[in-house]
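Visitor: Have a look at this one.
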Amino acid sequence: MAPKLDHNIEGTNGFCRTCLTDLPPRDTSAPAPPRCPNCHSPRLVKPEQVAGLSIAHIDCDAFYAAIEKRDNPDLATKPVLIGGGVRGVVSTACYIARVDGVHSAMPMFQARKLCPDAVIIKPNMGKYSAAGQQVRQLMEEVTPLVQPVSIDEAFLDLTGTERLHGMVPAKTLCKLAKHIEDKVGITVSIGLSHNKFLAKMASDEDKPAGFFSITSAQTRDYLSAKPVTAIWGVGKAMGKKLNRHGITHVSQLQRMEQAELVKQYGEFGLRLYNLSRGIDHRQVRKTDVVKSISGETTFNEDIADQERLERLLWRQAERVASRAKKTGWAGYTVTLKLKDNQFKSITRSKSLHDPTQLADVIYRTAQPFLAKECTGRKYRLLGVGISNLVDPGDSDPQDLLDPDAATRAKAERAMDLVRNKFGKDAIEKGRSLSTSKQALPEQNEDTDPDPRNL
Amino acid sequence: MKLVIDRNGLLKSLAHVQSVVERRNTIPILSNILIDATGDAVTLTATDLEIAVLDSLDAQVMTPGATTVPAHTLFDIVRKLPDGSEICLDTTEAEGRLTLSAGRSRFALSCLPRDDFPVMADDSLPTSFELAAKELARLVDKARFAISTEETRYYLNGIYLHAADQDGDAMLRAVATDGHRLALVQMALPHGAEGMPDVIVPRKTVTEIRKLIDDVSGTVQIALSDTKIKFSVGSVTLTSKLIDGTFPDYNRVIPEGNDKILKVDGASFAAAVDRVSTISTEKSRAVKLAIGTDAVELSANSPDAGSAVEEIAASYGAEPLEVGFNAKYLLDITTQIEGDEAEFVMADSGSPTIVRDGEDDGALYVLMPMRV
């Protein structure tokens, strides 16, 4: 950008992240001031760190735990774990708990061992998704190009917003972070760079309440010190494979020729070549957030009994249907998911002629799949969902040949009304009533973003 | 086996039989066509185990014999050979090869033994009758769009062909439904069809027989038992297994108390539905009919595509009514209407509607409205 314009753009000379005051222009040969002249905060963003960067990744810090702490100040100084029940896993550990080595996706029993004083809270997805929505709205006030990755993180493309906001993207982002802190009551960490891959890595560098940027000039050096597993797409298996070939660090990849990598690893080699050099051409795209509605439960004990599994399926179908109705979606595809006691997952899907939002249809579509898998195998998890979501206007048309279906649909909608008025337990179908309290599922928070009023 | 055959005749026969052969087959022999030469004729047979199509044509047979070769390859070769050429088929030159030569072209096709070719058992087909090809085409055309593709209700995956009594007249009736719409087409029961079993003719059989009777002005012989049906058209015979299931009692689906009658010009209504439904998408498929005394306003709305409205003249005697239909279903039905007048017989916006062809009182459709 021409320097003439820069005078009107805030943050061009650097700014303070705490009070958002712009730093005075300085001679680049002189040492940078260590603290903000206004508030004395050391959290200064220097112009050379952020010049020309506009792709950001924003990640909420220990999202679920932060919300619980926000709502209950007593928890502020205590280690907090969010997750469910006897066999659940930790879905979020607050930063205090992380000191003891607890991390998300860790089995709860292990987390308890590491951090016996931890306060364990069952996830309240309704609350989290409301906060997630709030955060997303604030993001969308800053740029229309927001690509949510999950409930608590998103990519933002701020290219071309300098004139609109009158400030450099870095300052817009820091202002947004402050905004989120003030309005939602949680902190976020910002990664800023010239593409999504680097922005995502950057957001992880300075957590919590962090800000980290990677400029084009820094990219190669920044990446060279990282282990290969830092590269997006390199998981356990690929990491092992690379290690076997003596490749442990990105710097080694950086020294390899493209042809060599492609020959060795095929198409993935091309990715390794590009990402190790910080090349990533993916665009920030606005995506539809809701792609599917599903619910799943991990049981307290493994279940092989078909009847019990069917009852649990019905419960899940009801939950999914209820959320579909509430959020105004209907799905063309019904998917059943099972995980057996060997942790092997099975998924079965079927596309429907017409989209549905009825528990009855979801259950009837998934039940034959379930029946087929009930071969004495023990299952630890059952889930069902709908996808290919559309407006429910055309959903569940009456079937000329199955007038009973219409009756069942009417009954279901009548039950919905009763529940909306008197609460979720006001009325239940016989088949879910017989579910013994023992077998009552725990919610797997990760796949069930909104169990409110269920 | 060695024979010489006219290309045009062979192409026509191959066209008749090869379409039953699936593009992908797990059993290799099912990709093949059986060529059987005896006397001065050659018989071509193709099958998918459910349907077998057989055609015979004159040929100059030097050495009788039989073999099987890939159906689509053979068809493609013959299709590309020049009009009027003479084709020589020969298996005597090389083991396991069929040599096809015409003019200066020579092809060697790999064969599979004829004994491996599945033969459909020749059961006895006690009922047999004759039908004008045009009549059969009418039954098929007006019913087949309503055939269900839903596998769970496999008994709906075909046309229900049966004898029925209509106010004392014996009728041959074809019914198809997918739960959203129902088509019922009938004609006077042909001689010989009395006491025929009620059968469900599978979708693919319907498609294949329809191809065979296209442009045929003569008659079709139909023979059937409760498990098989055989159609003979000229030199071609198609034998098919039937769907083993019970077709639901469709009479329950046809409403009786509907009293609101809307009459529209069939052709202009169909054209209007077609135009308006351009706007309807996978996500919003409804066409709304706002019915007044002398006009119907058709409209479609889609959040993505926009909206469309068209008004056409109508005659209607009851209180104004708004009703929505799936655009495609409505179009499927209205395009079948041949007469000048299409008649909608309705109860309300939520109950099954009857659509009748003013001209053809042998056809009746039932359509379920959509919420709009």
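Ligands are numbered from 1 in the order shown, residues from 1 within each chain, and chains are lettered A, B, ... in the order they appear in the structure tokens.
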Taking only C-alpha atoms into account, find every residue of chain A that has an atom no more than 10 Å from chain B, and write it out as a PyMOL selection string.
Guide: chain A and resi 351-353+355+365+389-403
Visitor: Write out as an NGL selection string which residues come within 10 Å of Arg173 of chain B when counting only C-alpha atoms, dropping same-chain ones fewer than 3 positions away.
Guide: :B and (139 or 143 or 159-166 or 170 or 184-189 or 198 or 362-363)
Visitor: Save the residues we just selected, N, CA, C and O atoms, as an mmCIF file, in the first residue's frame?
Guide:
```cif
data_model
loop_
_atom_site.group_PDB
_atom_site.id
_atom_site.type_symbol
_atom_site.label_atom_id
_atom_site.label_comp_id
_atom_site.auth_asym_id
_atom_site.auth_seq_id
_atom_site.Cartn_x
_atom_site.Cartn_y
_atom_site.Cartn_z
ATOM 1 N N LEU B 139 -50.779 -48.188 -21.524
ATOM 2 C CA LEU B 139 -50.793 -48.647 -20.129
ATOM 3 C C LEU B 139 -49.456 -48.323 -19.454
ATOM 4 O O LEU B 139 -49.403 -47.836 -18.328
ATOM 5 N N ALA B 143 -48.565 -45.128 -16.587
ATOM 6 C CA ALA B 143 -48.411 -45.625 -15.216
ATOM 7 C C ALA B 143 -46.970 -45.578 -14.731
ATOM 8 O O ALA B 143 -46.716 -45.402 -13.557
ATOM 9 N N ILE B 159 -45.077 -52.231 -12.081
ATOM 10 C CA ILE B 159 -46.478 -51.941 -12.415
ATOM 11 C C ILE B 159 -47.323 -53.147 -12.030
ATOM 12 O O ILE B 159 -47.006 -54.284 -12.383
ATOM 13 N N TYR B 160 -48.362 -52.856 -11.291
ATOM 14 C CA TYR B 160 -49.275 -53.903 -10.850
ATOM 15 C C TYR B 160 -50.286 -54.136 -11.964
ATOM 16 O O TYR B 160 -51.124 -53.272 -12.247
ATOM 17 N N LEU B 161 -50.179 -55.281 -12.612
ATOM 18 C CA LEU B 161 -51.021 -55.592 -13.755
ATOM 19 C C LEU B 161 -52.010 -56.665 -13.320
ATOM 20 O O LEU B 161 -51.609 -57.736 -12.862
ATOM 21 N N HIS B 162 -53.280 -56.375 -13.489
ATOM 22 C CA HIS B 162 -54.266 -57.337 -12.998
ATOM 23 C C HIS B 162 -55.630 -57.090 -13.641
ATOM 24 O O HIS B 162 -55.873 -56.039 -14.241
ATOM 25 N N ALA B 163 -56.473 -58.076 -13.501
ATOM 26 C CA ALA B 163 -57.833 -57.933 -14.011
ATOM 27 C C ALA B 163 -58.690 -57.349 -12.897
ATOM 28 O O ALA B 163 -58.537 -57.705 -11.732
ATOM 29 N N ALA B 164 -59.569 -56.414 -13.249
ATOM 30 C CA ALA B 164 -60.413 -55.802 -12.231
ATOM 31 C C ALA B 164 -61.814 -55.594 -12.794
ATOM 32 O O ALA B 164 -62.010 -55.559 -14.005
ATOM 33 N N ASP B 165 -62.728 -55.449 -11.875
ATOM 34 C CA ASP B 165 -64.107 -55.245 -12.290
ATOM 35 C C ASP B 165 -64.469 -53.782 -12.090
ATOM 36 O O ASP B 165 -64.290 -53.219 -11.019
ATOM 37 N N GLN B 166 -64.908 -53.143 -13.168
ATOM 38 C CA GLN B 166 -65.308 -51.739 -13.050
ATOM 39 C C GLN B 166 -66.768 -51.644 -13.427
ATOM 40 O O GLN B 166 -67.120 -51.729 -14.602
ATOM 41 N N ALA B 170 -65.241 -56.038 -17.164
ATOM 42 C CA ALA B 170 -63.934 -56.602 -16.838
ATOM 43 C C ALA B 170 -62.848 -55.742 -17.475
ATOM 44 O O ALA B 170 -62.928 -55.380 -18.643
ATOM 45 N N LEU B 184 -53.428 -45.009 -12.258
ATOM 46 C CA LEU B 184 -54.258 -46.166 -12.561
ATOM 47 C C LEU B 184 -54.707 -46.029 -14.011
ATOM 48 O O LEU B 184 -55.327 -45.026 -14.381
ATOM 49 N N VAL B 185 -54.352 -46.997 -14.824
ATOM 50 C CA VAL B 185 -54.739 -46.959 -16.233
ATOM 51 C C VAL B 185 -55.412 -48.282 -16.545
ATOM 52 O O VAL B 185 -54.958 -49.334 -16.094
ATOM 53 N N GLN B 186 -56.492 -48.235 -17.319
ATOM 54 C CA GLN B 186 -57.144 -49.495 -17.616
ATOM 55 C C GLN B 186 -57.701 -49.533 -19.025
ATOM 56 O O GLN B 186 -57.825 -48.527 -19.713
ATOM 57 N N MET B 187 -58.022 -50.747 -19.443
ATOM 58 C CA MET B 187 -58.627 -50.965 -20.753
ATOM 59 C C MET B 187 -59.497 -52.213 -20.621
ATOM 60 O O MET B 187 -59.408 -52.944 -19.627
ATOM 61 N N ALA B 188 -60.352 -52.411 -21.599
ATOM 62 C CA ALA B 188 -61.207 -53.601 -21.551
ATOM 63 C C ALA B 188 -60.323 -54.841 -21.489
ATOM 64 O O ALA B 188 -59.300 -54.919 -22.170
ATOM 65 N N LEU B 189 -60.719 -55.778 -20.665
ATOM 66 C CA LEU B 189 -59.900 -56.981 -20.492
ATOM 67 C C LEU B 189 -59.845 -57.765 -21.806
ATOM 68 O O LEU B 189 -60.879 -58.122 -22.366
ATOM 69 N N ASP B 198 -52.765 -61.808 -10.533
ATOM 70 C CA ASP B 198 -52.349 -60.416 -10.303
ATOM 71 C C ASP B 198 -50.836 -60.413 -10.235
ATOM 72 O O ASP B 198 -50.256 -61.129 -9.418
ATOM 73 N N GLY B 362 -60.127 -43.913 -18.937
ATOM 74 C CA GLY B 362 -59.449 -45.115 -18.467
ATOM 75 C C GLY B 362 -58.201 -44.806 -17.661
ATOM 76 O O GLY B 362 -57.459 -45.706 -17.301
ATOM 77 N N ALA B 363 -57.940 -43.529 -17.409
ATOM 78 C CA ALA B 363 -56.750 -43.174 -16.637
ATOM 79 C C ALA B 363 -57.145 -42.280 -15.465
ATOM 80 O O ALA B 363 -57.976 -41.386 -15.612
#
```
Visitor: So how many Å separate atom CA of Asp157 of chain A and atom CA of Gly235 of chain A, to one decimal?
Guide: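 Between these atoms lies a distance of 26.6 Å.
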Visitor: If we count only C-alpha atoms, what is near segment 96-98 of chain A at a cut-off of 8 Å, once residues fewer than 2 positions away on the same chain are taken out, given as a tab-separated table (two decimals) with N, CA and C atoms, in the first residue's frame?
Guide:
```
chain	number	residue	atom	x	y	z
A	77	THR	N	-10.25	-20.04	40.13
A	77	THR	CA	-8.90	-20.46	40.52
A	77	THR	C	-8.78	-21.97	40.62
A	78	LYS	N	-9.84	-22.68	40.26
A	78	LYS	CA	-9.81	-24.14	40.41
A	78	LYS	C	-9.59	-24.81	39.05
A	79	PRO	N	-8.98	-25.99	39.09
A	79	PRO	CA	-8.87	-26.73	37.81
A	79	PRO	C	-10.26	-27.24	37.42
A	80	VAL	N	-10.66	-26.98	36.20
A	80	VAL	CA	-11.99	-27.37	35.74
A	80	VAL	C	-11.85	-28.28	34.52
A	81	LEU	N	-12.59	-29.37	34.56
A	81	LEU	CA	-12.64	-30.26	33.40
A	81	LEU	C	-14.07	-30.35	32.91
A	93	ALA	N	-10.12	-28.96	29.10
A	93	ALA	CA	-9.49	-28.79	30.40
A	93	ALA	C	-9.07	-27.33	30.48
A	94	CYS	N	-9.34	-26.69	31.62
A	94	CYS	CA	-8.95	-25.30	31.73
A	94	CYS	C	-7.43	-25.23	31.90
A	100	ASP	N	-1.35	-29.81	35.23
A	100	ASP	CA	-1.16	-31.17	35.72
A	100	ASP	C	-1.04	-32.18	34.59
A	101	GLY	N	-1.08	-31.72	33.38
A	101	GLY	CA	-0.88	-32.64	32.26
A	101	GLY	C	-2.18	-33.15	31.65
A	102	VAL	N	-3.30	-32.63	32.12
A	102	VAL	CA	-4.57	-33.05	31.53
A	102	VAL	C	-4.75	-32.34	30.18
A	103	HIS	N	-5.23	-33.06	29.21
A	103	HIS	CA	-5.54	-32.41	27.94
A	103	HIS	C	-6.85	-32.94	27.39
A	115	CYS	N	-5.23	-35.14	38.10
A	115	CYS	CA	-5.69	-33.89	38.69
A	115	CYS	C	-6.88	-34.19	39.59
A	118	ALA	N	-9.73	-31.68	40.50
A	118	ALA	CA	-10.44	-31.00	39.41
A	118	ALA	C	-11.94	-31.00	39.64
```
Visitor: Just want the 9 Å neighbourhood of segment 220-231 of chain B, counted on only C-alpha atoms, with same-chain residues fewer than 6 positions away dropped. Output as a ChimeraX atom specification.
Guide: /B:123-133,136,196-199,201,209,213,237-244
Visitor: From the options A:Arg311, A:Lys263, A:Arg323, A:Lys196, which residue's atoms come nearest to Gly295 of chain A, counting only C-alpha atoms?
Guide: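 For Gly295 of chain A, the nearest of the given residues is A:Arg323.
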Visitor: If you run DSSP on the backbone, which residues of segment 143-337 of chain A are alpha helix (DSSP H), as an MDAnalysis selection string?
Guide: chainID A and resid 162:165 169:184 196:203 216:224 236:244 250:255 258:265 267:276 306:327
Visitor: Have a look at B:Ser85, B:Thr47, B:Ser277, B:Ser110 and name the one nearest to Glu310 of chain B; count only C-alpha atoms.
Guide: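 Comparing B:Ser85, B:Thr47, B:Ser277, B:Ser110 against Glu310 of chain B, the winner is B:Ser277.
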Visitor: Provide the atom CA of Gly339 of chain B to atom CA of Ala267 of chain B distance in Å, to one decimal place.
Guide: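 That distance, rounded to one decimal, is 8.1 Å.
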Visitor: List the neighbours of Gln316 of chain A out to 8 Å using only C-alpha atoms; skip same-chain residues closer than 2 positions along the sequence, and give me the result as JSON, numbers by chain.
Guide: {"A": [295, 296, 297, 312, 313, 314, 318, 319, 320, 383, 384]}
Visitor: Produce a file of the selected residues containing N, CA and C atoms, as a compact mmCIF listing (two decimals), in the first residue's frame.
Guide:
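That gives us result_28.txt:
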```
# COMPACT_ATOMS: atom_id res chain seq x y z
N GLY A 295 -26.74 -37.03 17.15
CA GLY A 295 -26.58 -37.21 18.58
C GLY A 295 -26.01 -38.59 18.81
N GLU A 296 -25.13 -38.70 19.77
CA GLU A 296 -24.63 -40.03 20.08
C GLU A 296 -24.39 -40.15 21.56
N THR A 297 -24.36 -41.38 22.02
CA THR A 297 -24.16 -41.61 23.44
C THR A 297 -23.15 -42.73 23.64
N LEU A 312 -32.31 -47.08 22.91
CA LEU A 312 -31.36 -45.96 22.90
C LEU A 312 -31.38 -45.26 21.56
N LEU A 313 -31.56 -46.04 20.51
CA LEU A 313 -31.67 -45.44 19.18
C LEU A 313 -32.88 -44.51 19.11
N TRP A 314 -33.97 -44.99 19.68
CA TRP A 314 -35.17 -44.16 19.67
C TRP A 314 -34.92 -42.83 20.39
N GLU A 318 -35.14 -39.21 18.73
CA GLU A 318 -35.98 -38.14 19.26
C GLU A 318 -35.20 -36.85 19.47
N ARG A 319 -33.99 -37.01 19.99
CA ARG A 319 -33.18 -35.81 20.25
C ARG A 319 -32.81 -35.12 18.95
N VAL A 320 -32.41 -35.93 17.97
CA VAL A 320 -32.03 -35.36 16.68
C VAL A 320 -33.24 -34.66 16.06
N GLY A 383 -24.98 -43.77 17.80
CA GLY A 383 -25.36 -42.42 17.39
C GLY A 383 -26.21 -42.47 16.15
N VAL A 384 -27.00 -41.44 15.96
CA VAL A 384 -27.78 -41.35 14.73
C VAL A 384 -27.84 -39.89 14.33
```
